[in-house]
Amino acid sequence: AQTVTQSQPEMSVQEAETVTLSCTYDTSESDYYLFWYKQPPSRQMILVIRQEAYKQQNATENRFSVNFQKAAKSFSLKISDSQLGDAAMYFCAYRSLQGGSEKLVFGKGTKLTVNP
Amino acid sequence: DAGVTQSPTHLIKTRGQQVTLRCSPISGHKSVSWYQQVLGQGPQFIFQYYEKEERGRGNFPDRFSARQFPNYSSELNVNALLLGDSALYLCASSRDRSSGNTIYFGEGSWLTVV
């Protein structure tokens with residue numbers, strides 16, 4: 001079974017600085033997708049960035065980028081020039097198509113605090 | 001275009017009661033999934049429906065059931081509610097089941113069981 005591990009329950013960063021959130025996963029599948037979702041206090045899951053496993057190039061979306069290490073099964077999120085609005089829970093997720101169903105397997109999340 | 005919409009946003013039920021949660025996917029999306037998020041945890045997969053058929057089920061008891069309608073909207077039903085069913089229930093939609101899909105979430109339905 002696929003598992004996703006986020007080893008940092010909480011992280012903090014100063015406004016305008018850079019922070020990296022860690023994520024590791026375990027799977028036997030060769031083709032899969034990985035996602036980072038942001039969940040602010042409103043509780044809606046907002047897609048931040050996604051990575052296709054077959055692509056060696058790391059995904060980038062404005063101030064957000066990932067460091068995808070397929071062999072190590074590692075998928076970290078880097079937030080540059082942190083803003084107060086980045087404060088939220090961040091969830092790493094693996095998308096499985098095993099058994100014919102599409103589902104996301106989530107980590108437990110990392111709470112990011114941005115200090116002014 | 002409207003995003004994934006869910007109703008109700010908040011509700012309180014008593015142990016033993018039954019609840020129905022509703023979800024409308026993004027226009028053009030045929031797949032709907034349901035997730036349960038207990039406070040302090042990541043969401044857990046409950047069901048996926050695609051083209052009105054159940055395509056996947058997570059590790060939840062038979063008290064949980066769902067269905068998808070011809071317009072691709074969906075309902076999640078939970079019978080014989082327990083205190084432990086208190087959670088945020090998230091609905092998600094995606095266009096189809098291709099590998100390139102992105103899954104989008106609604107704002108969730110907060111269920112409190114007392």
# chains A, B, ... in the order shown; residues from 1 in each chain; ligands from 1
>>> select_by_dssp(residues="chain A", states="strand (DSSP E or B)", output="ChimeraX atom specification")
/A:3-5,10-14,19-21,24-26,33-39,46-52,60-61,64-69,74-79,88-96,103-106,110-115
>>> interface_residues(of="chain A", to="chain B", cutoff="8 Å", atoms="only C-alpha atoms", output="short mmCIF file (atom, residue, chain, number, x, y, z; two decimals) with C-alpha atoms, in the first residue's frame")
data_model
loop_
_atom_site.label_atom_id
_atom_site.label_comp_id
_atom_site.auth_asym_id
_atom_site.auth_seq_id
_atom_site.Cartn_x
_atom_site.Cartn_y
_atom_site.Cartn_z
CA TYR A 32 2.17 8.26 -10.59
CA TYR A 33 1.56 11.86 -9.66
CA SER A 42 -11.16 28.02 5.76
CA ARG A 43 -10.36 24.29 5.32
CA GLN A 44 -10.64 24.20 1.53
CA MET A 45 -7.89 22.15 -0.08
CA ILE A 46 -6.11 24.30 -2.64
CA LEU A 47 -3.75 22.75 -5.17
CA PHE A 91 -0.37 18.35 2.70
CA LEU A 97 -4.73 4.49 -9.74
CA GLY A 99 -7.24 -1.28 -8.50
CA GLY A 100 -8.97 0.89 -11.06
CA SER A 101 -9.87 3.67 -8.64
CA GLU A 102 -8.38 7.12 -8.44
CA LYS A 103 -7.55 8.21 -4.93
CA LEU A 104 -5.20 10.53 -3.12
CA VAL A 105 -3.13 9.28 -0.20
CA PHE A 106 -2.24 12.16 2.11
CA GLY A 107 0.42 12.75 4.68
CA LYS A 108 -0.48 14.12 8.09
CA GLY A 109 0.41 17.65 7.10
#
>>> closest_residue(among="B:Thr20, B:Gln36, B:Ser7, B:Ser27", to="Asn79 (chain B)", atoms="only C-alpha atoms")
B:Thr20
>>> residues_around(residues="Gln57 (chain A)", least_positions_apart="2", cutoff="12 Å", atoms="only C-alpha atoms", output="list in words")
Arg50, Gln51, Glu52, Ala53, Tyr54, Lys55, Ala59, Thr60, Ser65, Val66, Asn67, Phe68, Gln69 and Lys70 of chain A
>>> atom_distance(atom1="CA of Phe64 (chain A)", atom2="CA of Val4 (chain B)")
24.0 Å
>>> atom_distance(atom1="CA of Lys30 (chain B)", atom2="CA of Ser96 (chain A)")
17.5 Å
>>> residues_around(residues="Leu111 (chain B)", least_positions_apart="4", cutoff="9 Å", atoms="only C-alpha atoms", output="PyMOL selection string")
chain B and resi 9-13+19+85-89
>>> residues_around(residues="region 60-69 of chain B", least_positions_apart="4", cutoff="7 Å", atoms="only C-alpha atoms", output="PyMOL selection string")
chain B and resi 46+49+52+73-80
>>> closest_residue(among="B:Arg95, B:Val114, B:Pro8, B:Gly84", to="Val38 (chain B)", atoms="only C-alpha atoms")
B:Gly84
>>> closest_residue(among="A:Asp31, A:Glu17, A:Glu10, A:Asp81", to="Arg95 (chain A)", atoms="only C-alpha atoms")
A:Asp31
>>> residues_around(residues="Asn62 (chain A)", least_positions_apart="3", cutoff="10 Å", atoms="only C-alpha atoms", output="list in words")
Val48, Ile49, Ser65, Ile79 and Ser80 of chain A
>>> residues_around(residues="Ser12 (chain A)", least_positions_apart="2", cutoff="6 Å", atoms="only C-alpha atoms", output="number ranges by chain")
A: 112-114
>>> atom_distance(atom1="CA of Thr14 (chain B)", atom2="CA of Val113 (chain B)")
5.4 Å
>>> closest_residue(among="A:Ser30, A:Cys23, A:Thr18, A:Tyr37", to="Arg63 (chain A)", atoms="only C-alpha atoms")
A:Thr18
>>> decode(residues="region 88-115 of chain A", atoms="N, CA and C atoms", output="tab-separated table (two decimals), in the first residue's frame")
chain	number	residue	atom	x	y	z
A	88	ALA	N	-0.56	28.24	6.52
A	88	ALA	CA	-1.62	27.23	6.32
A	88	ALA	C	-1.06	25.87	6.69
A	89	MET	N	-1.95	24.86	6.61
A	89	MET	CA	-1.49	23.47	6.65
A	89	MET	C	-1.13	23.07	5.22
A	90	TYR	N	-0.03	22.37	5.07
A	90	TYR	CA	0.38	21.89	3.76
A	90	TYR	C	0.40	20.36	3.78
A	91	PHE	N	-0.28	19.80	2.80
A	91	PHE	CA	-0.37	18.35	2.70
A	91	PHE	C	0.30	17.87	1.42
A	92	CYS	N	1.12	16.88	1.58
A	92	CYS	CA	1.71	16.17	0.46
A	92	CYS	C	0.78	15.00	0.12
A	93	ALA	N	0.56	14.74	-1.15
A	93	ALA	CA	-0.37	13.68	-1.53
A	93	ALA	C	0.16	12.92	-2.73
A	94	TYR	N	-0.12	11.65	-2.71
A	94	TYR	CA	0.24	10.73	-3.80
A	94	TYR	C	-1.04	10.28	-4.47
A	95	ARG	N	-1.07	10.33	-5.79
A	95	ARG	CA	-2.27	9.89	-6.47
A	95	ARG	C	-2.07	8.47	-7.00
A	96	SER	N	-2.97	7.58	-6.52
A	96	SER	CA	-2.89	6.18	-6.91
A	96	SER	C	-4.02	5.85	-7.86
A	97	LEU	N	-3.71	5.03	-8.85
A	97	LEU	CA	-4.73	4.49	-9.74
A	97	LEU	C	-4.84	2.97	-9.59
A	98	GLN	N	-4.31	2.48	-8.49
A	98	GLN	CA	-4.28	1.04	-8.24
A	98	GLN	C	-5.68	0.49	-8.07
A	99	GLY	N	-5.94	-0.64	-8.65
A	99	GLY	CA	-7.24	-1.28	-8.50
A	99	GLY	C	-8.33	-0.63	-9.30
A	100	GLY	N	-7.97	0.26	-10.20
A	100	GLY	CA	-8.97	0.89	-11.06
A	100	GLY	C	-9.62	2.11	-10.46
A	101	SER	N	-9.29	2.47	-9.24
A	101	SER	CA	-9.87	3.67	-8.64
A	101	SER	C	-8.81	4.74	-8.52
A	102	GLU	N	-9.27	5.98	-8.58
A	102	GLU	CA	-8.38	7.12	-8.44
A	102	GLU	C	-8.54	7.65	-7.02
A	103	LYS	N	-7.45	7.67	-6.27
A	103	LYS	CA	-7.55	8.21	-4.93
A	103	LYS	C	-6.25	8.90	-4.57
A	104	LEU	N	-6.36	9.85	-3.67
A	104	LEU	CA	-5.20	10.53	-3.12
A	104	LEU	C	-4.89	9.94	-1.74
A	105	VAL	N	-3.61	9.70	-1.51
A	105	VAL	CA	-3.13	9.28	-0.20
A	105	VAL	C	-2.37	10.47	0.38
A	106	PHE	N	-2.81	10.96	1.52
A	106	PHE	CA	-2.24	12.16	2.11
A	106	PHE	C	-1.30	11.85	3.26
A	107	GLY	N	-0.33	12.75	3.45
A	107	GLY	CA	0.42	12.75	4.68
A	107	GLY	C	-0.37	13.43	5.78
A	108	LYS	N	0.23	13.53	6.95
A	108	LYS	CA	-0.48	14.12	8.09
A	108	LYS	C	-0.43	15.64	8.09
A	109	GLY	N	0.39	16.21	7.23
A	109	GLY	CA	0.41	17.65	7.10
A	109	GLY	C	1.51	18.33	7.88
A	110	THR	N	1.87	19.52	7.41
A	110	THR	CA	2.82	20.39	8.09
A	110	THR	C	2.17	21.75	8.26
A	111	LYS	N	2.13	22.23	9.48
A	111	LYS	CA	1.56	23.55	9.74
A	111	LYS	C	2.64	24.61	9.56
A	112	LEU	N	2.44	25.50	8.59
A	112	LEU	CA	3.41	26.54	8.31
A	112	LEU	C	2.95	27.85	8.91
A	113	THR	N	3.82	28.44	9.71
A	113	THR	CA	3.58	29.78	10.28
A	113	THR	C	4.54	30.75	9.60
A	114	VAL	N	4.02	31.89	9.18
A	114	VAL	CA	4.85	32.93	8.58
A	114	VAL	C	4.89	34.12	9.53
A	115	ASN	N	6.06	34.45	9.98
A	115	ASN	CA	6.23	35.54	10.94
A	115	ASN	C	6.55	36.86	10.25
